[in-house]
>>> print(open('structure11.tsv').read())   # TSV, C-alpha atoms and all ligand atoms
chain	number	residue	atom	x	y	z
A	25	MET	CA	70.97	136.12	195.61
A	26	ASP	CA	68.48	136.68	192.79
A	27	VAL	CA	70.03	139.49	190.82
A	28	SER	CA	73.45	141.10	190.55
A	29	VAL	CA	73.59	144.40	188.72
A	30	VAL	CA	77.08	144.76	187.28
A	31	ILE	CA	78.21	148.27	186.36
A	32	PRO	CA	81.65	149.26	185.07
A	33	LEU	CA	82.72	152.76	186.05
A	34	TYR	CA	85.51	154.76	184.54
A	35	ASN	CA	85.58	158.38	185.62
A	36	GLU	CA	81.88	158.66	186.40
A	37	VAL	CA	82.13	160.62	189.63
A	38	GLU	CA	79.08	162.80	188.99
A	39	ASN	CA	76.97	159.93	187.70
A	40	LEU	CA	77.70	157.39	190.45
A	41	PRO	CA	75.59	158.83	193.33
A	42	ARG	CA	72.67	159.60	191.02
A	43	LEU	CA	72.82	156.14	189.47
A	44	HIS	CA	73.02	154.54	192.90
A	45	ARG	CA	69.91	156.45	194.01
A	46	GLN	CA	67.95	155.48	190.89
A	47	LEU	CA	68.98	151.83	191.22
A	48	GLN	CA	67.92	151.68	194.85
A	49	GLU	CA	64.58	153.32	194.02
A	50	THR	CA	63.90	150.65	191.41
A	51	LEU	CA	65.32	147.57	193.13
A	52	ALA	CA	64.15	148.25	196.67
A	53	GLY	CA	60.60	148.41	195.29
A	54	THR	CA	60.83	144.77	194.17
A	55	SER	CA	60.89	141.62	196.27
A	56	LEU	CA	64.21	140.59	194.77
A	57	ARG	CA	67.34	139.80	196.73
A	58	TYR	CA	69.91	141.87	194.89
A	59	GLU	CA	73.40	143.29	194.96
A	60	ILE	CA	75.00	146.06	192.95
A	61	VAL	CA	78.50	145.23	191.76
A	62	PHE	CA	80.17	148.52	190.90
A	63	VAL	CA	83.50	147.94	189.18
A	64	ASP	CA	85.86	150.89	189.37
A	65	ASP	CA	87.98	150.50	186.26
A	66	GLY	CA	90.99	152.50	187.48
A	67	SER	CA	89.19	155.87	187.62
A	68	GLN	CA	91.24	158.99	188.31
A	69	ASP	CA	88.47	161.51	188.93
A	70	GLY	CA	87.38	160.59	192.44
A	71	THR	CA	84.96	157.80	191.45
A	72	THR	CA	87.02	155.42	193.63
A	73	ASP	CA	86.58	157.48	196.79
A	74	SER	CA	82.94	158.13	196.03
A	75	LEU	CA	82.34	154.39	195.58
A	76	ARG	CA	84.17	153.59	198.81
A	77	GLU	CA	81.97	156.04	200.68
A	78	LEU	CA	78.74	154.70	199.14
A	79	ALA	CA	79.74	151.10	199.87
A	80	GLU	CA	80.35	151.93	203.54
A	81	HIS	CA	76.72	152.93	203.98
A	82	ASP	CA	75.00	150.43	201.71
A	83	GLU	CA	75.57	146.74	202.15
A	84	THR	CA	73.91	145.85	198.86
A	85	ILE	CA	76.91	147.42	197.11
A	86	LYS	CA	79.78	145.06	196.27
A	87	PRO	CA	82.62	147.29	195.12
A	88	VAL	CA	85.42	145.94	192.95
A	89	TYR	CA	88.46	148.18	192.45
A	90	LEU	CA	90.68	147.37	189.48
A	91	ARG	CA	94.31	148.42	189.85
A	92	ARG	CA	94.36	150.33	186.58
A	93	ASN	CA	92.12	151.07	183.64
A	94	TYR	CA	91.60	147.76	181.83
A	95	GLY	CA	88.68	148.73	179.60
A	96	GLN	CA	84.96	148.05	179.67
A	97	THR	CA	85.17	144.36	178.70
A	98	ALA	CA	87.62	143.47	181.47
A	99	ALA	CA	85.61	145.53	183.96
A	100	LEU	CA	82.44	143.64	183.03
A	101	ARG	CA	84.28	140.34	183.35
A	102	ALA	CA	85.54	141.35	186.80
A	103	GLY	CA	82.00	142.32	187.82
A	104	ILE	CA	80.56	139.01	186.62
A	105	ASP	CA	83.33	137.12	188.41
A	106	HIS	CA	82.45	138.86	191.68
A	107	ALA	CA	78.66	138.58	191.27
A	108	HIS	CA	76.57	136.05	193.17
A	109	GLY	CA	73.18	136.52	191.53
A	110	GLU	CA	71.31	133.88	189.56
A	111	VAL	CA	70.75	136.59	187.00
A	112	ILE	CA	73.38	139.15	186.02
A	113	VAL	CA	72.16	142.50	184.76
A	114	THR	CA	74.82	144.60	183.08
A	115	MET	CA	74.47	148.30	182.42
A	116	ASP	CA	76.49	151.47	181.86
A	117	GLY	CA	77.42	153.72	184.75
A	118	ASP	CA	76.74	156.99	182.96
A	119	LEU	CA	72.94	157.19	183.42
A	120	GLN	CA	72.40	156.58	179.70
A	121	ASN	CA	70.69	153.27	180.52
A	122	ASP	CA	67.63	153.50	182.73
A	123	PRO	CA	67.48	151.32	185.87
A	124	ALA	CA	63.68	151.42	185.56
A	125	ASP	CA	64.03	148.99	182.63
A	126	ILE	CA	65.54	146.27	184.84
A	127	PRO	CA	62.24	144.74	186.08
A	128	ARG	CA	60.97	144.52	182.48
A	129	MET	CA	64.14	142.77	181.43
A	130	LEU	CA	63.87	140.29	184.29
A	131	ALA	CA	60.22	139.62	183.45
A	132	LYS	CA	61.21	138.90	179.84
A	133	LEU	CA	63.96	136.55	181.03
A	134	GLU	CA	61.38	134.70	183.14
A	135	GLU	CA	59.49	133.88	179.96
A	136	GLY	CA	62.19	131.29	179.45
A	137	TYR	CA	65.10	133.12	177.87
A	138	ASP	CA	68.73	133.02	178.90
A	139	LEU	CA	69.66	136.48	177.72
A	140	VAL	CA	67.68	139.64	177.15
A	141	HIS	CA	69.59	142.40	175.37
A	142	GLY	CA	68.46	145.96	175.15
A	143	TRP	CA	67.63	147.83	171.97
A	144	ARG	CA	68.09	151.58	172.30
A	145	ARG	CA	65.50	152.29	169.65
A	146	HIS	CA	65.50	156.01	170.37
A	147	ARG	CA	69.18	156.34	171.05
A	148	GLN	CA	70.19	159.71	172.45
A	149	ASP	CA	73.64	160.11	170.92
A	150	ARG	CA	74.92	162.23	168.05
A	151	TRP	CA	73.77	160.95	164.67
A	152	LEU	CA	76.84	161.35	162.45
A	153	ASP	CA	79.63	159.92	164.56
A	154	ARG	CA	77.68	157.61	166.89
A	155	ARG	CA	74.35	156.39	165.60
A	156	LEU	CA	75.19	156.12	161.89
A	157	PRO	CA	78.42	154.09	162.36
A	158	SER	CA	76.60	151.95	164.90
A	159	MET	CA	73.71	151.29	162.49
A	160	ILE	CA	76.13	150.26	159.75
A	161	ALA	CA	78.14	148.08	162.15
A	162	ASN	CA	75.00	146.38	163.49
A	163	TRP	CA	73.75	145.69	159.99
A	164	LEU	CA	77.11	144.27	158.92
A	165	ILE	CA	77.41	142.15	162.06
A	166	SER	CA	73.88	140.83	161.59
A	167	ARG	CA	74.65	139.82	158.02
A	168	THR	CA	78.06	138.31	158.79
A	169	THR	CA	77.14	136.34	161.87
A	170	ARG	CA	73.54	135.62	160.80
A	171	PHE	CA	72.42	136.86	164.21
A	172	PRO	CA	69.55	139.33	163.78
A	173	VAL	CA	70.19	142.25	166.09
A	174	HIS	CA	69.41	145.96	166.09
A	175	ASP	CA	71.74	147.19	168.78
A	176	LEU	CA	74.72	145.19	169.92
A	177	GLY	CA	76.25	148.21	171.64
A	178	CYS	CA	73.62	148.44	174.35
A	179	THR	CA	75.18	147.38	177.65
A	180	LEU	CA	71.83	146.90	179.36
A	181	LYS	CA	71.35	143.14	179.39
A	182	ALA	CA	69.99	140.46	181.67
A	183	ILE	CA	71.87	137.17	181.50
A	184	ARG	CA	71.41	133.93	183.39
A	185	ARG	CA	74.42	133.16	185.56
A	186	GLU	CA	75.08	129.86	183.78
A	187	ILE	CA	75.68	131.74	180.52
A	188	ALA	CA	77.33	134.87	181.93
A	189	THR	CA	80.07	132.93	183.70
A	190	GLU	CA	80.89	130.99	180.55
A	191	LEU	CA	81.27	134.03	178.31
A	192	GLU	CA	84.81	134.49	177.11
A	193	LEU	CA	85.32	138.22	177.31
A	194	HIS	CA	88.63	139.37	175.88
A	195	GLY	CA	89.73	142.61	174.23
A	196	GLU	CA	86.57	144.56	173.49
A	197	MET	CA	84.31	141.57	173.06
A	198	HIS	CA	81.59	142.91	175.38
A	199	ARG	CA	79.92	144.28	172.24
A	200	PHE	CA	79.40	140.76	170.97
A	201	ILE	CA	77.97	139.26	174.17
A	202	PRO	CA	74.58	138.22	172.68
A	203	ILE	CA	76.34	136.51	169.77
A	204	LEU	CA	78.85	134.76	172.03
A	205	ALA	CA	76.01	133.71	174.33
A	206	HIS	CA	73.99	132.41	171.41
A	207	GLN	CA	77.01	130.37	170.41
A	208	LEU	CA	76.90	128.85	173.91
A	209	GLY	CA	73.32	127.79	173.25
A	210	ALA	CA	71.59	130.67	175.04
A	211	ARG	CA	68.06	131.60	174.07
A	212	CYS	CA	68.36	135.30	173.31
A	213	VAL	CA	65.74	137.96	172.83
A	214	GLU	CA	65.79	141.68	172.22
A	215	LEU	CA	63.82	144.20	174.26
A	216	GLU	CA	63.34	147.90	173.59
A	217	VAL	CA	64.83	150.01	176.36
A	218	LYS	CA	65.03	153.68	177.18
A	219	HIS	CA	68.15	155.69	176.52
A	220	HIS	CA	69.14	159.10	177.83
A	221	PRO	CA	71.75	161.58	176.66
A	222	ARG	CA	74.94	161.71	178.69
A	223	ARG	CA	74.61	164.60	181.13
A	224	PHE	CA	77.84	164.30	183.10
A	225	GLY	CA	81.32	163.16	182.18
A	226	GLN	CA	82.66	162.19	178.78
A	227	THR	CA	82.17	159.23	176.50
A	228	LYS	CA	85.27	157.02	176.46
A	229	TYR	CA	85.01	156.14	172.79
A	230	GLY	CA	85.46	158.00	169.49
A	231	ILE	CA	84.85	157.16	165.84
A	232	SER	CA	87.92	154.84	165.83
A	233	ARG	CA	85.77	152.38	167.77
A	234	THR	CA	83.89	151.56	164.54
A	235	PHE	CA	87.05	150.25	162.91
A	236	ARG	CA	87.99	148.23	165.98
A	237	VAL	CA	84.52	146.70	166.00
A	238	LEU	CA	84.95	145.68	162.37
A	239	LEU	CA	88.25	143.97	163.20
A	240	ASP	CA	86.61	142.25	166.17
A	241	LEU	CA	83.88	141.10	163.82
A	242	LEU	CA	86.49	139.14	161.83
A	243	THR	CA	87.59	137.44	165.03
A	244	VAL	CA	84.02	136.64	166.05
A	245	LYS	CA	83.20	135.28	162.61
A	246	TYR	CA	86.24	133.00	162.84
A	247	LEU	CA	85.39	131.92	166.38
A	248	LEU	CA	81.79	131.18	165.44
A	249	HIS	CA	82.29	129.25	162.27
A	250	PHE	CA	85.85	127.97	162.10
A	251	PHE	CA	87.33	127.77	165.59
A	252	THR	CA	86.74	124.05	166.01
A	253	SER	CA	87.68	123.22	162.42
A	254	PRO	CA	90.10	125.85	161.06
A	255	MET	CA	91.12	123.55	158.24
A	256	LYS	CA	87.72	124.16	156.65
A	257	LEU	CA	88.66	127.80	156.19
A	258	PHE	CA	92.39	127.63	155.52
A	259	GLY	CA	92.30	124.26	153.77
A	260	GLY	CA	89.55	125.55	151.45
A	261	ALA	CA	91.56	128.66	150.59
A	262	ALA	CA	94.67	126.49	150.14
A	263	MET	CA	92.83	124.24	147.68
A	264	CYS	CA	91.66	127.27	145.65
A	265	CYS	CA	95.21	128.64	145.51
A	266	ALA	CA	96.66	125.24	144.64
A	267	THR	CA	94.14	124.76	141.81
A	268	LEU	CA	94.86	128.20	140.37
A	269	GLY	CA	98.61	127.60	140.73
A	270	MET	CA	98.41	124.25	138.95
A	271	LEU	CA	96.32	125.72	136.13
A	272	LEU	CA	98.83	128.53	135.63
A	273	LEU	CA	101.69	126.06	135.78
A	274	ALA	CA	99.98	123.89	133.16
A	275	THR	CA	99.49	126.97	130.96
A	276	SER	CA	103.19	127.79	131.26
A	277	ALA	CA	104.12	124.22	130.37
A	278	LEU	CA	101.75	124.29	127.39
A	279	LEU	CA	103.25	127.55	126.12
A	280	LYS	CA	106.73	126.09	126.44
A	281	VAL	CA	105.90	122.79	124.72
A	282	ALA	CA	103.45	124.02	122.08
A	283	ILE	CA	105.11	127.18	120.85
A	284	GLY	CA	108.49	126.93	122.52
A	285	ALA	CA	107.97	130.22	124.36
A	286	ASP	CA	110.44	131.33	126.99
A	287	VAL	CA	108.20	131.22	130.08
A	288	THR	CA	110.91	132.26	132.54
A	289	GLY	CA	109.77	135.49	134.15
A	290	THR	CA	106.32	135.48	132.53
A	291	PRO	CA	103.32	136.41	134.70
A	292	PHE	CA	101.97	132.86	134.25
A	293	LEU	CA	104.94	131.19	135.86
A	294	LEU	CA	105.41	133.82	138.57
A	295	THR	CA	101.78	133.83	139.67
A	296	ALA	CA	101.73	130.01	139.53
A	297	ILE	CA	104.64	129.94	141.99
A	298	LEU	CA	102.94	132.60	144.13
A	299	PHE	CA	99.68	130.64	144.33
A	300	LEU	CA	101.42	127.34	145.04
A	301	LEU	CA	103.49	128.86	147.85
A	302	ALA	CA	100.39	130.59	149.25
A	303	SER	CA	98.53	127.27	149.25
A	304	LEU	CA	101.35	125.65	151.23
A	305	GLN	CA	101.28	128.48	153.77
A	306	LEU	CA	97.50	128.37	154.12
A	307	LEU	CA	97.65	124.64	154.60
A	308	SER	CA	100.25	125.07	157.35
A	309	VAL	CA	98.12	127.73	159.09
A	310	GLY	CA	95.15	125.35	158.89
A	311	LEU	CA	97.17	122.55	160.49
A	312	LEU	CA	98.43	124.87	163.22
A	313	GLY	CA	94.85	126.01	163.81
A	314	GLU	CA	93.67	122.41	164.18
A	315	VAL	CA	96.45	121.70	166.69
A	316	ASN	CA	95.64	124.94	168.55
A	317	SER	CA	91.99	124.06	168.78
A	318	ARG	CA	92.85	120.63	170.21
A	319	ILE	CA	95.19	122.17	172.78
A	320	TYR	CA	92.44	124.62	173.74
A	321	PHE	CA	89.87	121.91	174.34
A	322	ALA	CA	92.33	119.50	175.98
A	323	HIS	CA	93.88	121.86	178.50
A	324	GLY	CA	91.35	124.58	179.10
A	325	GLU	CA	88.67	122.27	180.47
A	326	GLN	CA	86.61	123.57	177.59
A	327	ARG	CA	84.13	121.49	175.66
A	328	PRO	CA	82.89	122.01	172.11
A	329	TYR	CA	79.33	121.76	173.49
A	330	ARG	CA	77.33	123.07	176.43
A	331	VAL	CA	74.87	121.09	178.54
A	332	ARG	CA	71.88	123.00	179.89
A	333	THR	CA	72.03	122.58	183.66
A	334	ALA	CA	69.08	124.58	184.96
A	335	PRO	CA	66.70	124.87	182.08
A	336	TRP	CA	63.47	126.13	183.54
A	337	ASP	CA	64.21	126.55	187.25
A	338	SER	CA	62.93	130.06	187.48
A	339	ALA	CA	60.37	129.70	184.73
A	340	GLN	CA	58.49	126.65	185.95
A	341	THR	CA	55.25	128.51	186.40
A	342	VAL	CA	55.22	130.34	183.11
A	343	GLN	CA	54.28	128.90	179.79
A	344	ARG	CA	57.17	127.13	178.13
A	345	PRO	CA	58.22	129.25	175.13
A	346	ARG	CA	58.57	127.92	171.67
A	347	GLN	CA	61.94	126.22	171.09
A	348	VAL	CA	62.63	128.62	168.27
A	349	PRO	CA	62.70	132.20	169.57
A	350	ASP	CA	61.24	135.04	167.54
A	351	TRP	CA	64.51	136.35	166.23
A	352	ALA	CA	65.39	132.96	164.74
A	353	THR	CA	62.23	132.89	162.70
A	354	SER	CA	62.78	136.48	161.64
A	355	ALA	CA	66.29	135.48	160.56
A	356	LYS	CA	64.89	132.69	158.43
A	357	SER	CA	62.38	134.98	156.78
A	358	ALA	CA	65.12	137.59	156.24
A	359	GLU	CA	67.31	134.95	154.60
A	360	ALA	CA	64.42	133.71	152.51
A	361	ALA	CA	63.77	137.28	151.36
B	401	LIG	N1	83.95	152.19	180.91
B	401	LIG	C1	84.83	151.47	181.69
B	401	LIG	N2	86.13	151.41	181.28
B	401	LIG	C2	86.58	152.02	180.15
B	401	LIG	C3	85.64	152.72	179.36
B	401	LIG	C4	84.33	152.78	179.77
B	401	LIG	O1	84.47	150.92	182.72
B	401	LIG	O2	87.78	151.92	179.85
B	401	LIG	C5	82.54	152.29	181.36
B	401	LIG	C6	82.02	153.71	181.47
B	401	LIG	O3	82.31	154.26	182.73
B	401	LIG	C7	80.54	153.51	181.26
B	401	LIG	C8	80.49	152.36	180.27
B	401	LIG	O4	81.73	151.70	180.36
B	401	LIG	O5	79.91	153.13	182.45
B	401	LIG	C9	80.21	152.82	178.85
B	401	LIG	O6	81.14	153.83	178.47
B	401	LIG	P1	80.72	155.10	177.61
B	401	LIG	O7	79.52	155.73	178.19
B	401	LIG	O8	81.92	155.96	177.46
B	401	LIG	O9	80.37	154.43	176.22
B	401	LIG	P2	79.25	154.94	175.16
B	401	LIG	O10	77.94	155.01	175.91
B	401	LIG	O11	79.72	156.29	174.72
B	401	LIG	O12	79.25	153.90	174.11
B	402	MG	MG	77.53	156.01	177.55
>>> encode(input="structure11.tsv", output="structure tokens")
Amino acid sequence: MDVSVVIPLYNEVENLPRLHRQLQETLAGTSLRYEIVFVDDGSQDGTTDSLRELAEHDETIKPVYLRRNYGQTAALRAGIDHAHGEVIVTMDGDLQNDPADIPRMLAKLEEGYDLVHGWRRHRQDRWLDRRLPSMIANWLISRTTRFPVHDLGCTLKAIRREIATELELHGEMHRFIPILAHQLGARCVELEVKHHPRRFGQTKYGISRTFRVLLDLLTVKYLLHFFTSPMKLFGGAAMCCATLGMLLLATSALLKVAIGADVTGTPFLLTAILFLLASLQLLSVGLLGEVNSRIYFAHGEQRPYRVRTAPWDSAQTVQRPRQVPDWATSAKSAEAA
């Protein structure tokens, strides 16, 4: 199998047959061996029956029916787990992504990348509650993770199997896939894709998503930079608190000895105690984090590194790309600026 197109569906009954038709028009016109993994994420609007009917007449469809609504991330994970393709293409099931972009994405991947993620440059969603929060979130994420990206929210992506199967998708982490993949050593590149307004059905997300993304960003930042050595974060904070606490304690002692002041209950002594206790707690969290990280690597068959197994299999005939992809150089120049 060359390509698996993985599509999560939650209450997309009107979109499903149209999407299926568009996908077949695009994919049947290529020489690719493909399958379409539709994941029904516990729909209640008839999507399940519609999918069952489509799958009966089309053997390229691999339906996956989740028992209840688990959310887009879990649905994507389920789709990837059931996919057989060497390349996994993920996209939305609401016709907002355009199947006609898939061949372009695959061609880009063949240039020697491991992940191509879409950039909905002309995004067809409302400005105030969708595009603006998304622009701010993307900018913040770019700055925090040092991963230059315009549009993390675009589901349309092409990912090599090797990377897709290793992605740890929990909670709502599908929005951070390119960053997680990059952490696994994937060569990532962005590609402009088309975007259409939603014609049928409802979006499943509101403005509250922005705040959840910001919380997820904290998690991702921690996973990226401190997961294997939490003590660097917590130990550093503990040292700062301990230093401040000691300084305040010394000031209290000085006041007591030099001018005989009654330091009991003064802000100096109280904040000194607060900082010293905080430093002890931070140190304990750091130690627990270190132990946790060791348990994770010891028992989860996880490794703190990834070995490239099939580097250029499907890109033997094309020119080998530069080791440093474009976005990395643009990151450097952005940092320099
Ligand atoms: N989706 C899903 N489970 C959910 C929510 C969404 O499978 O709990 C699917 C949904 O059917 C669609 C895709 O995820 O195919 C993106 O959802 P939506 O269009 O609502 O997101 P938006 O485009 O508004 O960001
Ligand atoms: Mg949508």
>>> atom_distance(input="structure11.tsv", atom1="atom O12 of ligand LIG 401 (chain B)", atom2="atom CA of A:Gly209")
26.8 Å
>>> residues_near_ligand(input="structure11.tsv", ligand="ligand MG 402 (chain B)", cutoff="12 Å", atoms="only C-alpha atoms and all ligand atoms", output="ChimeraX atom specification")
/A:31-36,39,96,115-122,144,147-150,154,177-180,219-230
>>> atom_distance(input="structure11.tsv", atom1="atom CA of A:Thr84", atom2="atom CA of A:Ala124")
17.7 Å
>>> axis_aligned_box(input="structure11.tsv", around="ligand LIG 401 (chain B)", padding_each_side="4 Å", output="AutoDock Vina command-line options")
--center_x 82.9 --center_y 153.6 --center_z 178.4 --size_x 17.8 --size_y 13.4 --size_z 16.6
>>> atom_distance(input="structure11.tsv", atom1="atom CA of A:Ala261", atom2="atom CA of A:Ser303")
7.2 Å
>>> closest_residue(input="structure11.tsv", among="A:Asp153, A:Glu110, A:Glu77, A:Glu314", to="ligand LIG 401 (chain B)", atoms="all atoms listed in the file")
A:Asp153
>>> residues_around(input="structure11.tsv", residues="A:Tyr94", least_positions_apart="2", cutoff="10 Å", atoms="all atoms listed in the file", output="VMD selection string")
chain A and resid 34 64 to 66 90 to 92 96 to 99 195
>>> closest_residue(input="structure11.tsv", among="A:Val111, A:Leu75, A:Ala282, A:Ala188", to="A:Val88", atoms="all atoms listed in the file")
A:Leu75
>>> residues_around(input="structure11.tsv", residues="A:Ala277", least_positions_apart="5", cutoff="12 Å", atoms="only C-alpha atoms", output="PyMOL selection string")
chain A and resi 270-272+282-288+290+292-293+296
>>> closest_residue(input="structure11.tsv", among="A:Val281, A:Val173, A:Leu40, A:Ile60", to="ligand LIG 401 (chain B)", atoms="only C-alpha atoms and all ligand atoms")
A:Leu40
>>> residues_around(input="structure11.tsv", residues="A:Leu156", least_positions_apart="5", cutoff="12 Å", atoms="only C-alpha atoms", output="list in words")
Arg147, Asp149, Arg150, Trp151, Ala161, Asn162, Trp163, Asp175, Ile231 and Thr234 of chain A
>>> write_last_selection(input="structure11.tsv", atoms="C-alpha atoms", output="PDB file, in the coordinates of the input")
ATOM      1  CA  ARG A 147      69.180 156.340 171.050  1.00  0.00           C
ATOM      2  CA  ASP A 149      73.640 160.110 170.920  1.00  0.00           C
ATOM      3  CA  ARG A 150      74.920 162.230 168.050  1.00  0.00           C
ATOM      4  CA  TRP A 151      73.770 160.950 164.670  1.00  0.00           C
ATOM      5  CA  ALA A 161      78.140 148.080 162.150  1.00  0.00           C
ATOM      6  CA  ASN A 162      75.000 146.380 163.490  1.00  0.00           C
ATOM      7  CA  TRP A 163      73.750 145.690 159.990  1.00  0.00           C
ATOM      8  CA  ASP A 175      71.740 147.190 168.780  1.00  0.00           C
ATOM      9  CA  ILE A 231      84.850 157.160 165.840  1.00  0.00           C
ATOM     10  CA  THR A 234      83.890 151.560 164.540  1.00  0.00           C
TER      11      THR A 234
END
>>> closest_residue(input="structure11.tsv", among="A:Ala107, A:Pro87, A:Phe200, A:Arg233", to="ligand LIG 401 (chain B)", atoms="only C-alpha atoms and all ligand atoms")
A:Arg233
>>> closest_residue(input="structure11.tsv", among="A:Ser28, A:Thr72, A:Ser317, A:Gln207", to="ligand LIG 401 (chain B)", atoms="all atoms listed in the file")
A:Thr72
>>> residues_near_point(input="structure11.tsv", point="(96.0, 122.9, 159.5)", cutoff="12 Å", atoms="all atoms listed in the file", output="PyMOL selection string")
chain A and resi 250-262+303-318
>>> closest_residue(input="structure11.tsv", among="A:Glu135, A:Glu214, A:Glu196, A:Asp125", to="ligand LIG 401 (chain B)", atoms="all atoms listed in the file")
A:Glu196
>>> residues_around(input="structure11.tsv", residues="A:Gln326", least_positions_apart="5", cutoff="12 Å", atoms="only C-alpha atoms", output="count of residues only")
10
>>> residues_around(input="structure11.tsv", residues="A:Asp26", least_positions_apart="5", cutoff="12 Å", atoms="only C-alpha atoms", output="JSON, numbers by chain")
{"A": [51, 54, 55, 56, 57, 58, 59, 60, 107, 108, 109, 110, 111, 112, 113, 130, 182, 183, 184, 185, 338]}
>>> decode(input="structure11.tsv", residues="stretch 277-296 of chain A", atoms="N, CA and C atoms", output="compact mmCIF listing (two decimals), in the first residue's frame")
# COMPACT_ATOMS: atom_id res chain seq x y z
N ALA A 277 18.56 38.15 59.58
CA ALA A 277 19.57 37.94 60.62
C ALA A 277 20.36 39.22 60.88
N LEU A 278 20.67 39.93 59.78
CA LEU A 278 21.43 41.18 59.88
C LEU A 278 20.64 42.21 60.68
N LEU A 279 19.34 42.32 60.36
CA LEU A 279 18.49 43.28 61.06
C LEU A 279 18.45 42.96 62.55
N LYS A 280 18.38 41.68 62.86
CA LYS A 280 18.29 41.23 64.25
C LYS A 280 19.60 41.56 64.99
N VAL A 281 20.73 41.21 64.34
CA VAL A 281 22.03 41.38 65.01
C VAL A 281 22.45 42.85 65.05
N ALA A 282 22.28 43.54 63.90
CA ALA A 282 22.80 44.90 63.80
C ALA A 282 21.99 45.90 64.61
N ILE A 283 20.64 45.85 64.41
CA ILE A 283 19.87 46.88 65.13
C ILE A 283 18.91 46.28 66.15
N GLY A 284 19.03 44.98 66.34
CA GLY A 284 18.22 44.31 67.36
C GLY A 284 16.73 44.33 67.06
N ALA A 285 16.39 44.43 65.77
CA ALA A 285 14.97 44.49 65.39
C ALA A 285 14.27 43.17 65.65
N ASP A 286 12.97 43.28 65.95
CA ASP A 286 12.18 42.06 66.12
C ASP A 286 11.73 41.60 64.73
N VAL A 287 12.38 40.56 64.19
CA VAL A 287 12.09 40.16 62.81
C VAL A 287 10.93 39.16 62.71
N THR A 288 10.42 38.72 63.88
CA THR A 288 9.32 37.76 63.83
C THR A 288 8.13 38.41 63.13
N GLY A 289 7.62 37.77 62.12
CA GLY A 289 6.44 38.29 61.43
C GLY A 289 6.74 39.38 60.43
N THR A 290 8.00 39.71 60.21
CA THR A 290 8.32 40.71 59.18
C THR A 290 8.25 40.05 57.80
N PRO A 291 8.00 40.87 56.76
CA PRO A 291 7.94 40.30 55.40
C PRO A 291 9.23 39.58 55.04
N PHE A 292 10.38 40.08 55.51
CA PHE A 292 11.66 39.44 55.18
C PHE A 292 11.68 37.98 55.59
N LEU A 293 11.34 37.76 56.87
CA LEU A 293 11.41 36.40 57.39
C LEU A 293 10.36 35.49 56.73
N LEU A 294 9.13 36.05 56.59
CA LEU A 294 8.05 35.23 56.02
C LEU A 294 8.35 34.84 54.58
N THR A 295 8.80 35.82 53.78
CA THR A 295 9.07 35.47 52.37
C THR A 295 10.30 34.56 52.27
N ALA A 296 11.25 34.72 53.21
CA ALA A 296 12.42 33.82 53.20
C ALA A 296 11.94 32.38 53.39
